[in-house]
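S.K.: My structure is below; once you've seen it, I'll send some questions.
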Amino acid sequence: MARTRYTAVSRGWLMVFGLIYCVILVIFGVGFGFAITFGNTDQMIQTVTNPQSLTNLQQTLNNSALRQTAKAGVTLPPTTELIDPQALRRGVATGIAISANFGDVPQRSKWVDQAYISKTDPSHMTLKPLLKPLNSRLAAAAKAIDPNYSGEVRVSVEKAIAAHYNEVILDTMMLHGIGIAYPMMVLICQTAAIVGAILGVIVLAVMRVCAHSWERWLRVTGRLTYSIAILAGLGALVVSIPALAQYIRLGGVSQIVVEQIQAAVTPTWRIVAGLILLIGIGMSVAAAVMRMQARKQAEKVAAQLENAVDTMKKRN
């Protein structure tokens, strides 16, 4: 009886909502994949502060400090190391933790170093823990070249570096750059995953009504699910190609850091696509089993009817 109610109209509606389901599944998959990778603050901090990324950040900040000292009249060798890597690591971790919390200092976070929180304004960062060892290293390097490096010259150089870092890091990056873009992207991805999941359940329920049977519903949704998963898996494989990192721009973030983020998140995307693929295959297998059971039941009933007819013929 269930199959007799499956009309051309039902087939048409099932096709329409199947297409809607494909779109929603893509939105959910992308949102969920980004939410558990970029939205995972711990993973992002560990990725950005790993040896490769941290070395690149250290070189970038070191070069900018050397340029500022040169502008202030003190030229140091390009090999001079002014940035303390441990202080930089703690500062980067604190900055990302604050950015993920929409610019507010998290009350409880293992990544926040209280030394980087301003005492006068607890809602903002300060770069004093980074600048203190930098100024000490700068003074030692400068005095090795010019023993008279002190007084107004030293004060002007330190002020120039502090002003530059405050503008580039605290203002450009934290207040108007990654500090705004990162939490908004995480929020959008989380919202897409939640809304996609809710709409997906609703559409699947409508498709169940249009299908008129569990077997047909499992078969259609299963095929759609693993088809989208295959495309998503291929997309994740393409995105994971290292050469692609040079074309990715993240608000001025160094390409080496981008490569480290790419290497950290793409395996998770492939796992998500693989899980969705297994779900789709499982639904299709369940539909095939139900269809086989229905056929066996139909053959059994047909055999019983045939035996009954033969019995009646013999009696007559």
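By convention in this document, the chains of the structure tokens carry letters A, B, ... by their order, each chain's residues are numbered from 1, and ligands are numbered from 1 in the order they are shown.
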Can you tell me, as a count of residues only, which residues in range 45-223 of chain A count as helix (DSSP H, G or I) by DSSP?

M.R.: 131

S.K.: Tell me, as an MDAnalysis selection string, which residues lie within 9 Å of Ser118 in chain A, counting only C-alpha atoms; anything in the same chain fewer than 5 positions away does not count.

M.R.: chainID A and resid 123:128

S.K.: Dump as CSV the rows for residues of range 36-91 of chain A within 12 Å of range 150-164 of chain A: closest atom pair and distance in Å with one decimal, only C-alpha atoms counted, ordered by chain and rising residue number.

M.R.:
residue,atom,partner,partner_atom,distance
A:Leu61,CA,A:Ile161,CA,10.2
A:Asn62,CA,A:Ile161,CA,10.5
A:Asn63,CA,A:Ile161,CA,11.2
A:Ser64,CA,A:Ile161,CA,8.4
A:Ala65,CA,A:Ile161,CA,6.0
A:Leu66,CA,A:Ile161,CA,8.8
A:Arg67,CA,A:Ile161,CA,9.1
A:Gln68,CA,A:Ile161,CA,5.9
A:Thr69,CA,A:Val157,CA,5.8
A:Ala70,CA,A:Val157,CA,8.9
A:Lys71,CA,A:Val157,CA,8.6
A:Ala72,CA,A:Val157,CA,5.6
A:Gly73,CA,A:Val157,CA,8.1
A:Val74,CA,A:Val157,CA,7.9
A:Thr75,CA,A:Val157,CA,10.9
A:Leu82,CA,A:Ile161,CA,11.2
A:Ile83,CA,A:Ile161,CA,11.9

S.K.: Mind writing the picked residues with all heavy atoms as a short mmCIF file (atom, residue, chain, number, x, y, z; two decimals), in the first residue's frame?

M.R.:
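Result went into part05.cif, see below:
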data_model
loop_
_atom_site.label_atom_id
_atom_site.label_comp_id
_atom_site.auth_asym_id
_atom_site.auth_seq_id
_atom_site.Cartn_x
_atom_site.Cartn_y
_atom_site.Cartn_z
N LEU A 61 58.54 40.37 13.62
CA LEU A 61 58.58 41.43 14.63
C LEU A 61 60.01 41.94 14.82
O LEU A 61 60.22 43.14 15.07
CB LEU A 61 58.02 40.91 15.94
CG LEU A 61 56.51 40.62 15.97
CD1 LEU A 61 56.09 40.05 17.31
CD2 LEU A 61 55.72 41.88 15.67
N ASN A 62 60.97 41.05 14.72
CA ASN A 62 62.36 41.45 14.89
C ASN A 62 62.79 42.42 13.79
O ASN A 62 63.44 43.45 14.05
CB ASN A 62 63.26 40.22 14.88
CG ASN A 62 64.62 40.48 15.50
OD1 ASN A 62 64.75 40.54 16.72
ND2 ASN A 62 65.63 40.63 14.67
N ASN A 63 62.39 42.10 12.56
CA ASN A 63 62.74 42.99 11.43
C ASN A 63 62.07 44.35 11.57
O ASN A 63 62.68 45.38 11.26
CB ASN A 63 62.33 42.33 10.12
CG ASN A 63 63.17 41.11 9.80
OD1 ASN A 63 64.30 40.98 10.27
ND2 ASN A 63 62.64 40.21 9.00
N SER A 64 60.83 44.36 12.02
CA SER A 64 60.15 45.65 12.19
C SER A 64 60.80 46.47 13.29
O SER A 64 60.90 47.71 13.19
CB SER A 64 58.66 45.43 12.50
OG SER A 64 58.50 44.79 13.75
N ALA A 65 61.28 45.81 14.35
CA ALA A 65 61.97 46.53 15.43
C ALA A 65 63.29 47.11 14.93
O ALA A 65 63.65 48.26 15.27
CB ALA A 65 62.20 45.60 16.61
N LEU A 66 64.01 46.33 14.12
CA LEU A 66 65.27 46.83 13.57
C LEU A 66 65.04 48.03 12.65
O LEU A 66 65.84 48.98 12.63
CB LEU A 66 65.99 45.71 12.82
CG LEU A 66 66.54 44.57 13.67
CD1 LEU A 66 67.12 43.48 12.79
CD2 LEU A 66 67.60 45.09 14.64
N ARG A 67 63.96 48.01 11.90
CA ARG A 67 63.65 49.15 11.03
C ARG A 67 63.34 50.39 11.85
O ARG A 67 63.74 51.51 11.49
CB ARG A 67 62.48 48.81 10.11
CG ARG A 67 62.83 47.85 8.98
CD ARG A 67 61.74 47.83 7.93
NE ARG A 67 60.49 47.30 8.46
CZ ARG A 67 60.14 46.02 8.43
NH1 ARG A 67 60.96 45.12 7.91
NH2 ARG A 67 58.99 45.62 8.92
N GLN A 68 62.63 50.23 12.95
CA GLN A 68 62.31 51.38 13.80
C GLN A 68 63.56 51.95 14.46
O GLN A 68 63.70 53.17 14.58
CB GLN A 68 61.28 50.96 14.86
CG GLN A 68 59.93 50.59 14.31
CD GLN A 68 59.31 51.69 13.47
OE1 GLN A 68 59.29 52.86 13.88
NE2 GLN A 68 58.82 51.33 12.30
N THR A 69 64.47 51.07 14.87
CA THR A 69 65.72 51.58 15.47
C THR A 69 66.54 52.33 14.44
O THR A 69 67.18 53.34 14.75
CB THR A 69 66.55 50.42 16.06
OG1 THR A 69 66.85 49.48 15.02
CG2 THR A 69 65.78 49.72 17.17
N ALA A 70 66.53 51.84 13.20
CA ALA A 70 67.27 52.52 12.14
C ALA A 70 66.66 53.89 11.87
O ALA A 70 67.39 54.88 11.65
CB ALA A 70 67.26 51.66 10.87
N LYS A 71 65.33 53.99 11.87
CA LYS A 71 64.68 55.28 11.66
C LYS A 71 65.01 56.26 12.78
O LYS A 71 65.08 57.47 12.56
CB LYS A 71 63.17 55.10 11.58
CG LYS A 71 62.70 54.39 10.30
CD LYS A 71 61.18 54.26 10.31
CE LYS A 71 60.70 53.54 9.04
NZ LYS A 71 59.22 53.38 9.03
N ALA A 72 65.21 55.71 14.00
CA ALA A 72 65.54 56.57 15.14
C ALA A 72 67.03 56.91 15.21
O ALA A 72 67.46 57.60 16.14
CB ALA A 72 65.10 55.89 16.44
N GLY A 73 67.81 56.42 14.25
CA GLY A 73 69.22 56.79 14.19
C GLY A 73 70.17 55.76 14.72
O GLY A 73 71.38 56.03 14.83
N VAL A 74 69.67 54.55 15.07
CA VAL A 74 70.54 53.50 15.60
C VAL A 74 70.45 52.31 14.66
O VAL A 74 69.43 51.64 14.58
CB VAL A 74 70.13 53.08 17.02
CG1 VAL A 74 71.04 51.97 17.53
CG2 VAL A 74 70.18 54.28 17.96
N THR A 75 71.55 52.05 13.95
CA THR A 75 71.56 50.95 12.98
C THR A 75 72.24 49.75 13.59
O THR A 75 73.40 49.82 14.01
CB THR A 75 72.30 51.37 11.70
OG1 THR A 75 71.66 52.53 11.14
CG2 THR A 75 72.27 50.24 10.69
N LEU A 82 66.13 40.63 18.84
CA LEU A 82 65.57 41.48 19.88
C LEU A 82 64.33 40.88 20.55
O LEU A 82 63.99 41.26 21.67
CB LEU A 82 65.18 42.84 19.28
CG LEU A 82 66.31 43.63 18.61
CD1 LEU A 82 65.77 44.93 18.01
CD2 LEU A 82 67.42 43.93 19.61
N ILE A 83 63.68 39.94 19.90
CA ILE A 83 62.43 39.39 20.41
C ILE A 83 62.69 38.13 21.24
O ILE A 83 63.36 37.21 20.79
CB ILE A 83 61.45 39.05 19.26
CG1 ILE A 83 61.20 40.28 18.39
CG2 ILE A 83 60.15 38.50 19.80
CD1 ILE A 83 60.52 41.41 19.14
#

S.K.: List the spatial neighbours of range 286-295 of chain A as a PDB file with all heavy atoms, in the first residue's frame - criterion: any atom at most 6 Å away, only C-alpha atoms, same-chain residues fewer than 4 positions off excluded.

M.R.:
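Final file, part.pdb:
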ATOM      1  N   GLU A 215      12.187   2.619   3.465  1.00  0.00           N
ATOM      2  CA  GLU A 215      13.174   2.096   2.512  1.00  0.00           C
ATOM      3  C   GLU A 215      13.524   3.122   1.445  1.00  0.00           C
ATOM      4  O   GLU A 215      14.687   3.367   1.143  1.00  0.00           O
ATOM      5  CB  GLU A 215      12.629   0.813   1.870  1.00  0.00           C
ATOM      6  CG  GLU A 215      13.567   0.176   0.860  1.00  0.00           C
ATOM      7  CD  GLU A 215      13.344   0.699  -0.550  1.00  0.00           C
ATOM      8  OE1 GLU A 215      12.172   0.947  -0.900  1.00  0.00           O
ATOM      9  OE2 GLU A 215      14.334   0.890  -1.288  1.00  0.00           O
ATOM     10  N   LEU A 218      15.446   6.130   3.094  1.00  0.00           N
ATOM     11  CA  LEU A 218      16.848   5.805   3.363  1.00  0.00           C
ATOM     12  C   LEU A 218      17.661   5.737   2.079  1.00  0.00           C
ATOM     13  O   LEU A 218      18.815   6.184   2.031  1.00  0.00           O
ATOM     14  CB  LEU A 218      16.932   4.468   4.110  1.00  0.00           C
ATOM     15  CG  LEU A 218      16.509   4.483   5.580  1.00  0.00           C
ATOM     16  CD1 LEU A 218      16.419   3.066   6.115  1.00  0.00           C
ATOM     17  CD2 LEU A 218      17.471   5.306   6.412  1.00  0.00           C
ATOM     18  N   ARG A 219      17.065   5.195   1.029  1.00  0.00           N
ATOM     19  CA  ARG A 219      17.791   5.061  -0.232  1.00  0.00           C
ATOM     20  C   ARG A 219      18.101   6.427  -0.837  1.00  0.00           C
ATOM     21  O   ARG A 219      19.234   6.689  -1.266  1.00  0.00           O
ATOM     22  CB  ARG A 219      16.959   4.221  -1.208  1.00  0.00           C
ATOM     23  CG  ARG A 219      17.538   4.094  -2.603  1.00  0.00           C
ATOM     24  CD  ARG A 219      16.964   2.881  -3.305  1.00  0.00           C
ATOM     25  NE  ARG A 219      15.535   2.767  -3.142  1.00  0.00           N
ATOM     26  CZ  ARG A 219      14.616   3.370  -3.925  1.00  0.00           C
ATOM     27  NH1 ARG A 219      15.034   4.134  -4.922  1.00  0.00           N
ATOM     28  NH2 ARG A 219      13.335   3.204  -3.719  1.00  0.00           N
TER      29      ARG A 219
END

S.K.: Which polymer residues have any atom within 12 Å of an atom of Ala181 in chain A, counting only C-alpha atoms, with same-chain residues fewer than 2 positions away left out, as a PyMOL selection string?

M.R.: chain A and resi 38+96+99-103+172-179+183-188+250-251

S.K.: For Ile194 in chain A, please output as a list in words all residues within 10 Å (counting only C-alpha atoms; exclusion window: fewer than 3 positions along the same chain).

M.R.: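 In the requested format, the answer is Ile27, Phe28, Gly31, Phe32, Ile188, Cys189, Gln190, Thr191, Ala197, Ile198, Leu199 and Gly200 of chain A.
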
S.K.: Neighbours of Ile20 in chain A within 10 Å (only C-alpha atoms; same-chain residues fewer than 3 positions away dropped), as a list in words?

M.R.: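 Surrounding residues, per the criterion: Leu14, Met15, Val16, Phe17, Val23, Ile24, Leu25, Leu199, Gly200, Val203 and Leu204 of chain A.
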
S.K.: I need the residues from that last selection saved to file as a tab-separated table (two decimals), in the first residue's frame (with C-alpha atoms), if you can.

M.R.:
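Just written: again.tsv:
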chain	number	residue	atom	x	y	z
A	14	LEU	CA	10.97	14.41	-2.89
A	15	MET	CA	13.30	15.68	-5.61
A	16	VAL	CA	12.78	19.32	-4.62
A	17	PHE	CA	13.43	18.73	-0.94
A	23	VAL	CA	22.39	22.66	0.04
A	24	ILE	CA	21.71	22.45	3.77
A	25	LEU	CA	24.13	19.54	4.14
A	199	LEU	CA	16.84	22.79	9.00
A	200	GLY	CA	18.33	19.46	7.96
A	203	VAL	CA	13.80	18.76	5.58
A	204	LEU	CA	14.54	15.10	6.28

S.K.: Do you have the CA of Ser109 in chain A-CA of Pro85 in chain A distance handy?

M.R.: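 Computed distance, CA of Ser109 in chain A to CA of Pro85 in chain A, equals 20.9 Å.
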